[in-house]
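Asks: One structure coming up, written as structure tokens, with questions to follow.
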Amino acid sequence: MRGLGVPAYLSYSVAGGSTRAGQPLTEAFAVAAEADEVIAVGVNCCAPQDADGAVRSAARLTGKPVVVYPNSGESWDAGARAWRGSTAFDAERVAAWAADGAALIGGCCRVGPEAIAAVAAALGR
């Protein structure tokens, strides 16, 4: 992206403290911090609890606006062909992401209109 002059944001899918490819988040976000074309960084398509630390790291390591749009927190059980667990996507978590530097907050898999309305309400919008 360097040298193209096209603004973009960079978002990783994460698990724990690393990208799904196994790269430590400190290294992954360092790439974004060095590129002027990258105007925001964040995480997507991950469990909400994995987004918690990632939002803080992205803000601290890059100084750029943070994007976060995780899934509901449920897991797909391929054998049973059903979703398992409960949602971990809630208003308290959304408020914490905003306080930690998230400027763009949304949802991915299994985050529906009701949850997005709760995001807007939690952010006073």
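Labels for the structure tokens follow display order: chains A, B, ..., residues from 1 in each chain, ligands from 1.
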Please provide as a list in words all residues within 7 Å of range 101-111 of chain A, with the sequence filter that same-chain residues fewer than 4 positions apart are discarded (counting only C-alpha atoms).

Replies: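 Non-adjacent residues within range: Cys45, Val55, Arg56, Ala59, Pro65, Val66, Val67, Val68, Tyr69, Pro70, Asn71, Ser72, Trp97, Ala115 and Ile116 of chain A.
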
Asks: Excluding Asp36 in chain A and any residue of its chain fewer than 5 positions from it, enumerate the residues within 10 Å of it, using only C-alpha atoms, and give them as a list in words.

Replies: Met1, Arg2, Gly3, Gly5, Val6, Pro7 and Ala8 of chain A

Asks: Suppose we keep C-alpha atoms; can you now write the selection as a CSV table (one decimal), in the first residue's frame?

Replies:
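Everything below was put into selection35.csv:
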chain,number,residue,atom,x,y,z
A,1,MET,CA,0.0,0.0,0.0
A,2,ARG,CA,2.9,2.3,0.6
A,3,GLY,CA,3.3,4.9,-2.1
A,5,GLY,CA,-1.7,7.3,-1.7
A,6,VAL,CA,-4.9,5.4,-1.1
A,7,PRO,CA,-6.2,5.5,2.5
A,8,ALA,CA,-7.2,2.1,4.0

Asks: I need the residue nearest Leu61 in chain A from this list: A:Ala91, A:Ala82, A:Ala40, A:Gly112. Use only C-alpha atoms for the distance.

Replies: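 Closest residue, counting only C-alpha atoms: A:Ala40.
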
Asks: Based on DSSP run over this structure's backbone, return all residues of range 17-99 of chain A in alpha helix (DSSP H), as a VMD selection string.

Replies: chain A and resid 25 to 33 48 to 62 91 to 99

Asks: Could you save the residues just selected, with C-alpha atoms, as a CSV table (one decimal), in the first residue's frame?

Replies:
chain,number,residue,atom,x,y,z
A,25,LEU,CA,-0.2,-8.6,17.6
A,26,THR,CA,2.7,-6.3,18.5
A,27,GLU,CA,4.4,-7.2,15.2
A,28,ALA,CA,1.1,-7.1,13.2
A,29,PHE,CA,0.2,-3.7,14.5
A,30,ALA,CA,3.7,-2.4,14.0
A,31,VAL,CA,3.3,-2.9,10.2
A,32,ALA,CA,0.3,-0.6,10.3
A,33,ALA,CA,1.9,2.0,12.5
A,48,PRO,CA,-15.5,-10.5,21.6
A,49,GLN,CA,-13.2,-11.4,24.5
A,50,ASP,CA,-10.2,-11.7,22.1
A,51,ALA,CA,-11.0,-8.2,20.8
A,52,ASP,CA,-10.7,-6.7,24.3
A,53,GLY,CA,-6.9,-6.7,24.6
A,54,ALA,CA,-6.5,-6.3,20.8
A,55,VAL,CA,-8.3,-2.9,20.9
A,56,ARG,CA,-6.0,-1.7,23.7
A,57,SER,CA,-2.9,-2.9,21.8
A,58,ALA,CA,-3.9,-1.4,18.5
A,59,ALA,CA,-4.5,2.0,20.0
A,60,ARG,CA,-1.3,1.9,22.1
A,61,LEU,CA,1.0,0.6,19.4
A,62,THR,CA,-0.2,2.6,16.5
A,91,ALA,CA,-23.2,-3.1,25.8
A,92,GLU,CA,-20.6,-3.1,28.6
A,93,ARG,CA,-18.0,-4.6,26.3
A,94,VAL,CA,-18.8,-2.0,23.6
A,95,ALA,CA,-18.4,0.9,26.0
A,96,ALA,CA,-15.0,-0.6,27.1
A,97,TRP,CA,-13.8,-0.8,23.5
A,98,ALA,CA,-14.8,2.8,22.9
A,99,ALA,CA,-13.0,3.9,26.1

Asks: Determine the nearest neighbour of Ile39 in chain A from the options A:Gly63, A:Gly16, A:Gly85, A:Gly79, counting only C-alpha atoms.

Replies: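 Going through A:Gly63, A:Gly16, A:Gly85, A:Gly79 one by one, the smallest distance to Ile39 in chain A is for A:Gly63.
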
Asks: Rounded to one decimal in Å, what is the spacing between CA of Val14 in chain A and CA of Cys46 in chain A?

Replies: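 For CA of Val14 in chain A relative to CA of Cys46 in chain A, the distance reads 5.7 Å.
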
Asks: Between A:Val38, A:Ala15, A:Gly22, A:Asp100, which is the closest to Gly73 in chain A once you count only C-alpha atoms?

Replies: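 The answer is A:Ala15, which sits nearest to Gly73 in chain A.
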
Asks: Tell me, as a PyMOL selection string, which residues lie within 7 Å of Glu74 in chain A, counting only C-alpha atoms; anything in the same chain fewer than 3 positions away does not count.

Replies: chain A and resi 83-87
